[in-house]
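Source file model_20.cif; content: mmCIF, C-alpha atoms.
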```cif
data_coords
loop_
_atom_site.label_atom_id
_atom_site.label_comp_id
_atom_site.auth_asym_id
_atom_site.auth_seq_id
_atom_site.Cartn_x
_atom_site.Cartn_y
_atom_site.Cartn_z
CA MET J 8 -26.10 -12.38 -2.54
CA ASP J 9 -24.28 -11.95 0.74
CA PRO J 10 -20.57 -12.34 -0.07
CA PHE J 11 -20.00 -13.77 3.41
CA ASP J 12 -22.54 -16.53 2.76
CA ALA J 13 -20.84 -19.87 3.26
CA GLY J 14 -22.83 -21.33 0.40
CA ALA J 15 -21.60 -21.73 -3.15
CA GLY J 16 -19.83 -18.60 -4.32
CA GLY J 17 -19.56 -17.07 -0.86
CA ILE J 18 -16.28 -15.72 0.44
CA LEU J 19 -15.78 -18.83 2.58
CA ARG J 20 -16.35 -21.29 -0.29
CA GLN J 21 -13.51 -20.65 -2.69
CA PRO J 22 -11.13 -22.96 -4.58
CA LYS J 23 -7.74 -23.76 -3.12
CA ALA J 24 -6.11 -21.58 -5.78
CA VAL J 25 -7.96 -18.54 -4.46
CA TRP J 26 -6.98 -19.24 -0.86
CA ALA J 27 -3.36 -19.82 -1.88
CA THR J 28 -3.21 -16.48 -3.71
CA ALA J 29 -5.05 -14.64 -0.94
CA GLY J 30 -2.74 -16.10 1.70
CA ALA J 31 0.33 -15.01 -0.23
CA SER J 32 -1.30 -11.58 -0.61
CA VAL J 33 -1.55 -11.24 3.17
CA VAL J 34 2.20 -11.82 3.47
CA ALA J 35 2.92 -9.44 0.59
CA PHE J 36 1.00 -6.64 2.30
CA MET J 37 2.67 -7.49 5.60
CA GLY J 38 5.98 -6.63 3.94
CA ILE J 39 4.98 -2.95 3.64
CA GLY J 40 4.75 -2.30 7.37
CA LEU J 41 6.98 -5.12 8.57
CA VAL J 42 9.98 -2.88 9.20
CA ASP J 43 8.03 -0.18 11.04
CA PRO J 44 8.54 -1.34 14.64
CA ILE J 45 12.16 -2.39 14.04
CA LEU J 46 13.42 0.78 12.32
CA PRO J 47 15.18 2.00 15.51
CA SER J 48 16.62 -1.50 16.05
CA ILE J 49 17.94 -1.60 12.48
CA ALA J 50 19.50 1.84 12.93
CA LYS J 51 21.22 0.67 16.11
CA GLY J 52 22.28 -2.70 14.68
CA LEU J 53 23.81 -1.20 11.54
CA ASP J 54 25.05 2.00 13.19
CA ALA J 55 22.89 4.08 10.83
CA SER J 56 20.94 7.31 11.14
CA ALA J 57 17.15 7.59 10.99
CA GLY J 58 17.47 9.11 7.53
CA GLN J 59 19.56 6.22 6.26
CA VAL J 60 17.21 3.58 7.64
CA SER J 61 14.16 5.38 6.24
CA LEU J 62 15.62 4.73 2.80
CA LEU J 63 14.26 1.18 3.25
CA PHE J 64 10.90 2.69 2.32
CA THR J 65 12.33 5.01 -0.33
CA SER J 66 14.08 2.27 -2.32
CA TYR J 67 11.09 -0.06 -1.94
CA PHE J 68 8.50 2.41 -3.23
CA LEU J 69 10.69 4.04 -5.85
CA ILE J 70 11.07 0.65 -7.51
CA THR J 71 7.36 -0.01 -6.95
CA ALA J 72 6.48 3.23 -8.77
CA LEU J 73 8.71 2.43 -11.73
CA ALA J 74 7.43 -1.15 -11.79
CA MET J 75 3.92 0.13 -12.49
CA LEU J 76 5.05 0.64 -16.08
CA VAL J 77 6.31 -2.93 -16.24
CA THR J 78 3.82 -5.17 -14.44
CA GLY J 79 1.06 -4.93 -17.07
CA PHE J 80 3.63 -5.34 -19.84
CA VAL J 81 4.93 -8.52 -18.20
CA SER J 82 1.64 -10.11 -17.13
CA SER J 83 -0.02 -9.52 -20.53
CA ARG J 84 2.80 -11.51 -22.14
CA ILE J 85 3.62 -14.36 -19.75
CA GLY J 86 0.27 -14.68 -17.94
CA GLY J 87 -0.90 -14.10 -14.38
CA ARG J 88 0.40 -17.30 -12.79
CA LYS J 89 3.96 -16.87 -14.05
CA THR J 90 3.93 -13.20 -13.05
CA LEU J 91 2.85 -14.13 -9.52
CA LEU J 92 5.56 -16.76 -9.24
CA LEU J 93 8.19 -14.38 -10.61
CA GLY J 94 7.20 -11.74 -8.07
CA LEU J 95 7.22 -14.24 -5.21
CA ALA J 96 10.65 -15.52 -6.25
CA PHE J 97 12.03 -11.97 -6.14
CA VAL J 98 10.57 -11.43 -2.66
CA VAL J 99 11.92 -14.74 -1.31
CA VAL J 100 15.43 -14.02 -2.60
CA PHE J 101 15.67 -10.35 -1.65
CA ALA J 102 13.88 -10.59 1.71
CA GLY J 103 16.25 -13.40 2.64
CA LEU J 104 19.27 -11.41 1.49
CA ALA J 105 18.02 -8.39 3.46
CA GLY J 106 18.35 -10.42 6.63
CA THR J 107 22.03 -11.04 5.89
CA SER J 108 22.92 -7.37 5.38
CA ASP J 109 26.04 -6.00 7.05
CA THR J 110 25.51 -2.39 6.00
CA VAL J 111 22.50 -0.15 5.59
CA GLY J 112 23.43 0.28 1.92
CA GLN J 113 23.08 -3.45 1.32
CA LEU J 114 19.76 -3.53 3.15
CA VAL J 115 18.40 -0.61 1.10
CA GLY J 116 19.48 -2.32 -2.11
CA TYR J 117 17.89 -5.64 -1.20
CA ARG J 118 14.72 -3.83 -0.17
CA ALA J 119 14.56 -2.36 -3.70
CA GLY J 120 14.63 -5.84 -5.20
CA TRP J 121 11.92 -6.84 -2.74
CA GLY J 122 9.84 -3.89 -3.98
CA LEU J 123 10.05 -5.10 -7.57
CA GLY J 124 8.88 -8.55 -6.55
CA ASN J 125 6.06 -7.18 -4.46
CA ALA J 126 4.89 -4.94 -7.30
CA LEU J 127 4.80 -7.85 -9.75
CA PHE J 128 2.90 -9.99 -7.26
CA VAL J 129 0.40 -7.54 -5.79
CA SER J 130 -0.52 -5.85 -9.06
CA THR J 131 -1.46 -9.25 -10.50
CA ALA J 132 -2.96 -11.03 -7.48
CA LEU J 133 -6.43 -9.46 -7.59
CA ALA J 134 -6.89 -10.29 -11.27
CA VAL J 135 -5.90 -13.89 -10.55
CA ILE J 136 -8.20 -14.16 -7.53
CA VAL J 137 -11.19 -12.86 -9.49
CA GLY J 138 -10.40 -15.13 -12.41
CA ALA J 139 -10.19 -18.23 -10.21
CA ALA J 140 -12.95 -17.39 -7.72
CA ALA J 141 -16.34 -19.05 -7.49
CA GLY J 142 -19.51 -16.97 -7.52
CA GLY J 143 -18.39 -13.79 -9.29
CA SER J 144 -16.09 -10.95 -8.37
CA ALA J 145 -17.89 -9.44 -5.35
CA ALA J 146 -16.80 -12.11 -2.87
CA ALA J 147 -13.38 -12.41 -4.49
CA ILE J 148 -12.60 -8.71 -4.25
CA LEU J 149 -13.87 -8.59 -0.67
CA LEU J 150 -11.52 -11.48 0.11
CA TYR J 151 -8.64 -9.58 -1.50
CA GLU J 152 -9.39 -6.39 0.42
CA SER J 153 -9.61 -8.42 3.62
CA ALA J 154 -6.17 -9.85 2.83
CA LEU J 155 -4.89 -6.32 2.30
CA GLY J 156 -6.23 -5.14 5.65
CA LEU J 157 -5.03 -8.23 7.51
CA GLY J 158 -1.56 -7.88 6.01
CA MET J 159 -1.27 -4.17 6.82
CA ALA J 160 -2.38 -4.87 10.40
CA CYS J 161 -0.24 -7.95 10.99
CA GLY J 162 2.95 -6.73 9.32
CA PRO J 163 4.00 -4.48 12.21
CA LEU J 164 2.98 -7.17 14.70
CA LEU J 165 5.12 -9.82 13.02
CA GLY J 166 7.96 -7.34 12.76
CA ALA J 167 7.73 -6.68 16.49
CA LEU J 168 7.48 -10.33 17.55
CA LEU J 169 10.43 -11.50 15.45
CA GLY J 170 12.36 -8.26 15.67
CA ASP J 171 12.45 -8.28 19.45
CA ALA J 172 15.04 -11.06 19.20
CA SER J 173 16.89 -9.65 16.19
CA TRP J 174 16.08 -7.11 13.50
CA ARG J 175 17.15 -9.75 10.95
CA TYR J 176 14.45 -12.28 11.82
CA PRO J 177 11.46 -10.45 10.25
CA PHE J 178 13.22 -10.54 6.89
CA PHE J 179 13.95 -14.26 7.17
CA GLY J 180 10.38 -14.85 8.35
CA THR J 181 8.95 -13.06 5.32
CA ALA J 182 11.16 -15.03 2.95
CA PHE J 183 10.00 -18.28 4.57
CA LEU J 184 6.29 -17.38 4.38
CA MET J 185 6.58 -16.23 0.78
CA ALA J 186 8.37 -19.46 -0.12
CA ILE J 187 5.34 -21.33 1.23
CA GLY J 188 3.12 -19.07 -0.88
CA PHE J 189 5.26 -19.85 -3.93
CA LEU J 190 4.80 -23.60 -3.39
CA CYS J 191 1.03 -23.28 -2.80
CA ILE J 192 0.49 -21.23 -5.95
CA SER J 193 2.69 -23.61 -7.94
CA VAL J 194 0.54 -26.54 -6.85
CA PHE J 195 -2.99 -25.11 -6.72
CA LEU J 196 -3.16 -22.33 -9.32
CA LYS J 197 -3.53 -23.20 -12.99
CA GLU J 198 -2.50 -20.76 -15.70
CA GLN J 199 -5.31 -18.42 -16.78
CA PRO J 200 -5.91 -17.07 -20.29
CA LYS J 201 -3.65 -14.19 -21.30
CA PRO J 202 -5.29 -10.82 -22.04
CA ALA J 203 -6.47 -10.37 -25.64
CA ARG J 204 -4.42 -7.16 -25.95
CA LYS J 205 -0.83 -6.78 -24.81
CA THR J 206 -0.06 -3.72 -22.67
CA SER J 207 2.77 -1.45 -23.80
CA LEU J 208 5.18 0.27 -21.45
CA LEU J 209 3.84 3.70 -22.41
CA ASP J 210 0.12 2.97 -22.08
CA PRO J 211 -0.03 4.08 -18.40
CA ILE J 212 1.75 7.35 -19.26
CA ARG J 213 -0.65 8.03 -22.12
CA ALA J 214 -3.59 7.40 -19.78
CA LEU J 215 -2.42 10.30 -17.59
CA GLY J 216 -3.32 12.63 -20.45
CA HIS J 217 -6.89 12.39 -19.15
CA GLY J 218 -7.52 15.39 -16.87
CA GLY J 219 -9.57 13.50 -14.32
CA LEU J 220 -7.05 10.69 -13.90
CA ALA J 221 -4.16 13.14 -13.73
CA SER J 222 -6.02 15.14 -11.04
CA ALA J 223 -6.68 12.00 -8.99
CA ALA J 224 -3.01 11.00 -9.31
CA VAL J 225 -1.70 14.44 -8.26
CA SER J 226 -4.05 14.61 -5.28
CA ALA J 227 -3.06 11.06 -4.27
CA PHE J 228 0.61 12.04 -4.61
CA PHE J 229 0.18 14.76 -1.96
CA TYR J 230 -1.85 12.41 0.24
CA ASN J 231 0.70 9.60 -0.01
CA TYR J 232 3.41 11.96 1.22
CA THR J 233 1.34 12.41 4.39
CA PHE J 234 0.57 8.69 4.65
CA PHE J 235 4.21 7.62 4.49
CA THR J 236 5.43 10.35 6.78
CA VAL J 237 3.22 8.69 9.39
CA LEU J 238 4.33 5.18 8.45
CA ALA J 239 8.08 5.73 8.07
CA PHE J 240 8.95 8.66 10.34
CA THR J 241 6.63 8.24 13.32
CA PRO J 242 8.42 5.15 14.75
CA PHE J 243 11.46 7.32 15.45
CA VAL J 244 9.31 9.96 17.13
CA LEU J 245 7.50 7.42 19.31
CA ASN J 246 10.86 5.83 20.25
CA MET J 247 9.24 2.69 21.71
CA THR J 248 10.33 -0.91 22.04
CA PRO J 249 9.53 -3.17 19.07
CA TYR J 250 6.65 -4.76 21.00
CA ARG J 251 5.03 -1.45 21.90
CA SER J 252 5.59 0.06 18.47
CA GLY J 253 4.23 -3.10 16.85
CA ALA J 254 1.11 -2.90 19.01
CA VAL J 255 0.56 0.74 18.01
CA PHE J 256 0.85 0.00 14.31
CA PHE J 257 -1.23 -3.15 14.64
CA ALA J 258 -4.06 -1.02 16.04
CA TRP J 259 -3.39 1.47 13.24
CA GLY J 260 -3.68 -1.33 10.67
CA VAL J 261 -6.91 -2.64 12.18
CA LEU J 262 -8.51 0.79 11.85
CA LEU J 263 -7.19 1.07 8.31
CA ALA J 264 -8.76 -2.26 7.38
CA VAL J 265 -12.11 -1.60 9.05
CA PHE J 266 -12.54 1.89 7.60
CA SER J 267 -11.35 0.83 4.15
CA VAL J 268 -13.58 -2.24 3.77
CA LEU J 269 -16.61 -1.44 5.95
CA VAL J 270 -16.90 2.27 6.71
CA ALA J 271 -15.80 4.04 3.52
CA PRO J 272 -18.45 2.50 1.21
CA HIS J 273 -21.27 3.54 3.57
CA MET J 274 -19.90 7.07 3.85
CA GLN J 275 -19.63 7.32 0.06
CA LYS J 276 -23.25 6.32 -0.41
CA ARG J 277 -24.41 8.87 2.13
CA PHE J 278 -22.22 11.89 1.36
CA GLY J 279 -20.59 11.24 -2.02
CA SER J 280 -17.01 10.29 -2.73
CA LEU J 281 -15.51 13.74 -3.24
CA LYS J 282 -16.99 15.17 -0.04
CA VAL J 283 -15.82 12.15 1.93
CA LEU J 284 -12.33 12.39 0.45
CA GLY J 285 -11.96 16.13 1.01
CA GLY J 286 -13.20 15.91 4.59
CA SER J 287 -11.02 12.92 5.40
CA LEU J 288 -7.91 14.65 4.04
CA VAL J 289 -8.54 17.74 6.17
CA LEU J 290 -9.09 15.59 9.26
CA LEU J 291 -5.88 13.69 8.51
CA ALA J 292 -4.03 17.00 8.30
CA ALA J 293 -5.34 18.00 11.73
CA ASP J 294 -4.45 14.57 13.11
CA VAL J 295 -0.80 14.72 12.01
CA LEU J 296 -0.43 18.24 13.41
CA VAL J 297 -1.53 17.01 16.82
CA LEU J 298 0.75 13.98 16.37
CA GLY J 299 3.70 16.29 15.77
CA TYR J 300 3.03 18.79 18.53
CA GLY J 301 1.27 16.74 21.21
CA ASN J 302 2.83 14.80 24.08
CA HIS J 303 3.77 11.13 23.77
CA THR J 304 0.28 9.86 24.59
CA ALA J 305 -1.27 12.19 22.01
CA ALA J 306 1.26 11.01 19.44
CA VAL J 307 0.32 7.36 20.06
CA VAL J 308 -3.41 8.08 19.87
CA CYS J 309 -3.07 10.17 16.71
CA THR J 310 -0.88 7.55 15.04
CA ILE J 311 -3.55 4.92 15.61
CA LEU J 312 -6.37 7.29 14.63
CA SER J 313 -4.66 8.16 11.35
CA GLY J 314 -5.37 4.59 10.23
CA ALA J 315 -9.08 5.43 10.02
CA PHE J 316 -8.53 8.40 7.70
CA ILE J 317 -5.96 6.51 5.66
CA GLY J 318 -8.36 3.59 5.21
CA VAL J 319 -11.11 5.90 3.92
CA ASN J 320 -8.74 7.75 1.61
CA ASN J 321 -7.27 4.57 0.14
CA THR J 322 -10.69 3.25 -0.84
CA VAL J 323 -11.96 6.47 -2.37
CA TYR J 324 -8.76 7.23 -4.27
CA THR J 325 -8.68 3.75 -5.76
CA GLU J 326 -12.27 4.03 -6.93
CA LEU J 327 -11.69 7.49 -8.40
CA ALA J 328 -8.69 6.20 -10.34
CA LEU J 329 -10.74 3.29 -11.67
CA GLY J 330 -13.88 5.25 -12.50
CA VAL J 331 -12.80 8.68 -13.66
CA SER J 332 -10.90 7.80 -16.83
CA ASP J 333 -12.04 6.41 -20.17
CA ALA J 334 -8.84 4.34 -20.39
CA PRO J 335 -9.00 0.61 -19.63
CA ARG J 336 -9.00 0.28 -15.87
CA PRO J 337 -5.80 -1.76 -15.61
CA VAL J 338 -3.97 0.88 -17.64
CA ALA J 339 -5.53 3.79 -15.73
CA SER J 340 -4.61 2.13 -12.45
CA ALA J 341 -1.00 1.66 -13.53
CA GLY J 342 -0.66 5.33 -14.54
CA TYR J 343 -2.26 6.51 -11.30
CA ASN J 344 -0.03 4.31 -9.16
CA PHE J 345 3.07 5.30 -11.12
CA VAL J 346 2.54 8.90 -9.93
CA ARG J 347 1.39 8.37 -6.36
CA TRP J 348 4.06 5.87 -5.30
CA PHE J 349 6.76 8.45 -5.94
CA ALA J 350 5.46 10.30 -2.87
CA ALA J 351 5.77 7.09 -0.86
CA ALA J 352 9.42 7.05 -1.88
CA ALA J 353 9.93 10.78 -1.16
CA ALA J 354 8.38 11.08 2.31
CA PRO J 355 10.69 8.61 4.14
CA TYR J 356 13.70 10.41 2.65
CA PHE J 357 12.65 14.02 3.25
CA ALA J 358 11.00 13.71 6.68
CA PRO J 359 14.27 12.92 8.54
CA LYS J 360 16.10 15.53 6.44
CA ILE J 361 13.54 18.18 7.38
CA GLU J 362 13.99 17.25 11.03
CA GLU J 363 17.75 17.70 10.69
CA TRP J 364 17.30 21.10 9.06
CA THR J 365 14.64 22.33 11.51
CA ASP J 366 13.18 20.30 14.39
CA VAL J 367 11.06 17.22 15.01
CA HIS J 368 7.74 19.07 14.60
CA ILE J 369 8.20 20.46 11.09
CA PRO J 370 8.03 17.13 9.17
CA PHE J 371 4.47 16.80 10.48
CA VAL J 372 3.66 20.37 9.49
CA VAL J 373 4.81 19.53 5.96
CA ALA J 374 2.72 16.33 6.05
CA ALA J 375 -0.34 18.33 7.16
CA VAL J 376 0.21 20.81 4.33
CA THR J 377 0.45 18.03 1.73
CA ALA J 378 -2.80 16.50 3.00
CA VAL J 379 -4.51 19.89 2.62
CA LEU J 380 -3.01 20.27 -0.86
CA GLY J 381 -4.54 16.92 -1.75
CA ALA J 382 -7.92 18.24 -0.62
CA VAL J 383 -7.42 21.47 -2.57
CA VAL J 384 -6.80 19.50 -5.77
CA VAL J 385 -10.04 17.58 -5.14
CA VAL J 386 -11.99 20.84 -4.72
CA VAL J 387 -10.40 22.74 -7.61
CA ARG J 388 -10.58 19.80 -10.00
CA ARG J 389 -13.94 18.45 -8.87
CA ARG J 390 -15.47 18.83 -12.34
CA ALA J 391 -12.76 16.69 -13.93
CA LEU J 392 -13.04 14.19 -11.09
CA THR J 393 -16.79 13.75 -11.51
CA HIS J 394 -16.63 12.25 -14.99
CA GLU J 395 -18.39 8.93 -14.35
CA ALA J 396 -17.66 9.51 -10.67
CA GLU J 397 -20.08 12.13 -9.35
CA GLU J 398 -21.18 10.81 -5.99
CA LEU J 399 -19.23 7.76 -7.09
CA GLU J 400 -20.71 4.32 -6.56
CA PRO J 401 -18.12 1.88 -5.17
CA VAL J 402 -16.56 -0.31 -7.85
CA HIS J 403 -15.39 -3.12 -5.61
CA ALA J 404 -17.50 -5.65 -7.47
CA THR J 405 -16.68 -4.73 -11.07
CA GLU J 406 -14.78 -7.16 -13.22
CA ASP J 407 -12.69 -4.35 -14.77
CA SER J 408 -11.21 -3.29 -11.44
CA VAL J 409 -9.22 -6.43 -10.97
CA THR J 410 -5.71 -5.17 -11.58
CA VAL J 411 -5.57 -2.17 -9.27
CA PHE J 412 -2.45 -2.14 -7.16
CA ALA J 413 -3.37 -2.26 -3.52
CA ASP J 414 -3.50 0.83 -1.40
#
```
Rendering of file as structure tokens:
Amino acid sequence: MDPFDAGAGGILRQPKAVWATAGASVVAFMGIGLVDPILPSIAKGLDASAGQVSLLFTSYFLITALAMLVTGFVSSRIGGRKTLLLGLAFVVVFAGLAGTSDTVGQLVGYRAGWGLGNALFVSTALAVIVGAAAGGSAAAILLYESALGLGMACGPLLGALLGDASWRYPFFGTAFLMAIGFLCISVFLKEQPKPARKTSLLDPIRALGHGGLASAAVSAFFYNYTFFTVLAFTPFVLNMTPYRSGAVFFAWGVLLAVFSVLVAPHMQKRFGSLKVLGGSLVLLAADVLVLGYGNHTAAVVCTILSGAFIGVNNTVYTELALGVSDAPRPVASAGYNFVRWFAAAAAPYFAPKIEEWTDVHIPFVVAAVTAVLGAVVVVVRRRALTHEAEELEPVHATEDSVTVFAD
């Protein structure tokens, strides 16, 4: 069946509950890149350094990483609907408070609370969408991935449009949109059955005892350092107006979405997942080197182009994490994400520090090295990574994949 078929079960014929959850998912993913084009404006408005403002990403993703141990524990006890609403409530409160910040310390703290809410919401949304969708999981998961791509693309654009007037407005705008999502889910989504087995806090850690899953997580850790160097540090290097920076990262997000949803699966079928991942990581390393050492035009082009490699990597890493381990996929996903999101917290902190210690080029050299290290782990640990995953078939349409935290 074509998942885009408008007939029964197609992506365009879904219950209101699915559309409400998918719409809120778009806004949740927008929150990741929302601050990108306004980072320089925030620094100016709060009289803060680039390193201090980059902590907006560090606090957000540090809490996200730790929350991976909590989300399954919570949702398996109170149910998916209540977990979604709890996450949305956190985002509404802390995004709104972020807009009232008078110091960068307050903003970083509120962003941490926002990260907890986003983790609770996003890690549960796919399971809820699949459970409520008509026509099986294929169309539902495609709808979710489309929401992911649309959110990653539109986040910087919304940040630029609202942030051109004031850096505070994107935070208020997110709180408003998530409040609408809260109301829609409250009205349209009914509670779904709770899982038969409750997840413990230590289950994700135990899952990392599997060599293949641990290898995927370590490789993804190195890759995520590169990813978030681009996302969090590049806006300061480009030094553009919010509109121009938003346009650059909107184009970046479009490439990320297209290559994640449409291109990566075809490349996997033709070349195999590990070859695609290794090649994409090496190309990403070359791209960030040119970004760091090229002129302004080259930096803009390479920033946008990195979205293609990031989109491919996100898809393949997620499928490796879901397919390589013998642990239940929700548990394996939580353990994998617990490791890799620490790099998303580290890169925004260390990149400006490295610039202070050296010069503006070296953070990109470090990012290139971490991308190559990710590829090295894939090559060295290829035997462990091919358990159930040799020339891996995409798992987008499997029922067990429904609780992976979005890339």
Pick from J:Thr71, J:Ser56, J:Asn246, J:Gln199, whichever lies nearest to J:Ile85 using all atoms listed in the file = J:Gln199
Got a sec to resolve the PyMOL selection byres ((chain J and resi 384) around 10) on this structure and send the residues as a PyMOL selection string?
-> chain J and resi 222-227+229+285+379-383+385-389+392
Residues from the last selection, C-alpha atoms, saved as a PDB file, keeping the file's coordinate frame:
```
ATOM      1  CA  SER J 222      -6.020  15.140 -11.040  1.00  0.00           C
ATOM      2  CA  ALA J 223      -6.680  12.000  -8.990  1.00  0.00           C
ATOM      3  CA  ALA J 224      -3.010  11.000  -9.310  1.00  0.00           C
ATOM      4  CA  VAL J 225      -1.700  14.440  -8.260  1.00  0.00           C
ATOM      5  CA  SER J 226      -4.050  14.610  -5.280  1.00  0.00           C
ATOM      6  CA  ALA J 227      -3.060  11.060  -4.270  1.00  0.00           C
ATOM      7  CA  PHE J 229       0.180  14.760  -1.960  1.00  0.00           C
ATOM      8  CA  GLY J 285     -11.960  16.130   1.010  1.00  0.00           C
ATOM      9  CA  VAL J 379      -4.510  19.890   2.620  1.00  0.00           C
ATOM     10  CA  LEU J 380      -3.010  20.270  -0.860  1.00  0.00           C
ATOM     11  CA  GLY J 381      -4.540  16.920  -1.750  1.00  0.00           C
ATOM     12  CA  ALA J 382      -7.920  18.240  -0.620  1.00  0.00           C
ATOM     13  CA  VAL J 383      -7.420  21.470  -2.570  1.00  0.00           C
ATOM     14  CA  VAL J 385     -10.040  17.580  -5.140  1.00  0.00           C
ATOM     15  CA  VAL J 386     -11.990  20.840  -4.720  1.00  0.00           C
ATOM     16  CA  VAL J 387     -10.400  22.740  -7.610  1.00  0.00           C
ATOM     17  CA  ARG J 388     -10.580  19.800 -10.000  1.00  0.00           C
ATOM     18  CA  ARG J 389     -13.940  18.450  -8.870  1.00  0.00           C
ATOM     19  CA  LEU J 392     -13.040  14.190 -11.090  1.00  0.00           C
TER      20      LEU J 392
END
```
Between J:Ala27, J:Leu127, J:Phe97, J:Asn320, which one has atoms that come closest to J:Gly286, using all atoms listed in the file?
->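 Distance minimum relative to J:Gly286 lands on J:Asn320.
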Take the PyMOL selection byres ((chain J and resi 104) around 10), run it mentally on this structure, and tell me the resulting residues as an mmCIF file with C-alpha atoms, in the coordinates of the input.
```
data_model
loop_
_atom_site.group_PDB
_atom_site.id
_atom_site.type_symbol
_atom_site.label_atom_id
_atom_site.label_comp_id
_atom_site.auth_asym_id
_atom_site.auth_seq_id
_atom_site.Cartn_x
_atom_site.Cartn_y
_atom_site.Cartn_z
ATOM 1 C CA VAL J 98 10.570 -11.430 -2.660
ATOM 2 C CA VAL J 99 11.920 -14.740 -1.310
ATOM 3 C CA VAL J 100 15.430 -14.020 -2.600
ATOM 4 C CA PHE J 101 15.670 -10.350 -1.650
ATOM 5 C CA ALA J 102 13.880 -10.590 1.710
ATOM 6 C CA GLY J 103 16.250 -13.400 2.640
ATOM 7 C CA ALA J 105 18.020 -8.390 3.460
ATOM 8 C CA GLY J 106 18.350 -10.420 6.630
ATOM 9 C CA THR J 107 22.030 -11.040 5.890
ATOM 10 C CA SER J 108 22.920 -7.370 5.380
ATOM 11 C CA GLN J 113 23.080 -3.450 1.320
ATOM 12 C CA LEU J 114 19.760 -3.530 3.150
ATOM 13 C CA GLY J 116 19.480 -2.320 -2.110
ATOM 14 C CA TYR J 117 17.890 -5.640 -1.200
ATOM 15 C CA ARG J 118 14.720 -3.830 -0.170
ATOM 16 C CA GLY J 120 14.630 -5.840 -5.200
ATOM 17 C CA TRP J 121 11.920 -6.840 -2.740
ATOM 18 C CA ARG J 175 17.150 -9.750 10.950
ATOM 19 C CA PHE J 178 13.220 -10.540 6.890
ATOM 20 C CA PHE J 179 13.950 -14.260 7.170
ATOM 21 C CA ALA J 182 11.160 -15.030 2.950
#
```
One decimal, Å: what's the distance from atom CA of J:Pro47 over to atom CA of J:Leu262, could you say?
->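 One can read the atom CA of J:Pro47 to atom CA of J:Leu262 distance as 24.0 Å.
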Hey, could you pull the box centre and edge lengths for stretch 114-128 of chain J, axis-aligned, 8 Å padding per side, all listed atoms, to one decimal in Å, as AutoDock Vina command-line options?
```
--center_x 11.3 --center_y -5.3 --center_z -3.3 --size_x 32.9 --size_y 25.4 --size_z 28.9
```
Among listed residues J:Ala57, J:Leu209, J:Val33, J:Leu93, nearest J:Leu150 (using all atoms listed in the file) =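 Of the candidates, the smallest distance to J:Leu150 is held by J:Val33.
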Run the PyMOL selection byres ((chain J and resi 217) around 9) on the file and write out the hits as a list of chain:residue names.
->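 When the PyMOL selection byres ((chain J and resi 217) around 9) is applied to the shown file, the picked residues are J:Arg213, J:Ala214, J:Leu215, J:Gly216, J:Gly218, J:Gly219, J:Leu220, J:Ala221, J:Ser222, J:Val331, J:Ser332, J:Asp333, J:Ala334, J:Ala391.
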Quick one: everything within 10 Å of J:Leu76, counting all atoms listed in the file, minus sequence neighbours fewer than 6 positions away in the same chain. Send it as a list in words.
->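 What passes the distance filter is Thr206, Ser207, Leu208, Leu209, Asp210, Pro211, Ile212, Val338, Ala341, Gly342, Asn344 and Phe345 of chain J.
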Between J:Ala264, J:Val295, J:Trp174, J:Gly40, which one has atoms that come closest to J:Ala378, using only C-alpha atoms?
->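 Using only C-alpha atoms, the shortest distance to J:Ala378 belongs to J:Val295.
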Atom pair atom CA of J:Phe256 + atom CA of J:Cys309, distance 11.2 Å
Using only C-alpha atoms, determine which residues lie at most 12 Å from stretch 362-365 of chain J, disregarding the query and same-chain residues fewer than 5 positions distant; provide the list as a list in words.
->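 Near neighbours after the sequence-gap exclusion: Ser56, Ala57, Gly58, Thr236, Phe240, Thr241, Phe243, Val244, Gly299, Pro355, Tyr356, Phe357, Pro370, Phe371, Val372 and Val373 of chain J.
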May I ask for the distance between atom CA of J:Ala74 and atom CA of J:Ile39, given in Å to one decimal place?
->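 Answer for the atom CA of J:Ala74 to atom CA of J:Ile39 separation: 15.7 Å.
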Taking into account all atoms listed in the file, which residue in the set J:Gln275, J:Ser66, J:Thr90, J:Ser130 is nearest to J:Ser32?
->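 Closest candidate: J:Ser130.
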Residue among J:Ile311, J:Ala254, J:Met274, J:Ala24 lying closest to J:Val194, counting all atoms listed in the file |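 The closest residue to J:Val194 is J:Ala24.
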List every protein, DNA or RNA residue that has at least one atom no more than 12 Å from (-0.8, -9.3, 0.3) in the file's coordinates, counting all atoms listed in the file, and write the result as a ChimeraX atom specification.
-> /J:26-40,91,94-95,98,124-133,136,150-162,181,184-185,188,412-414
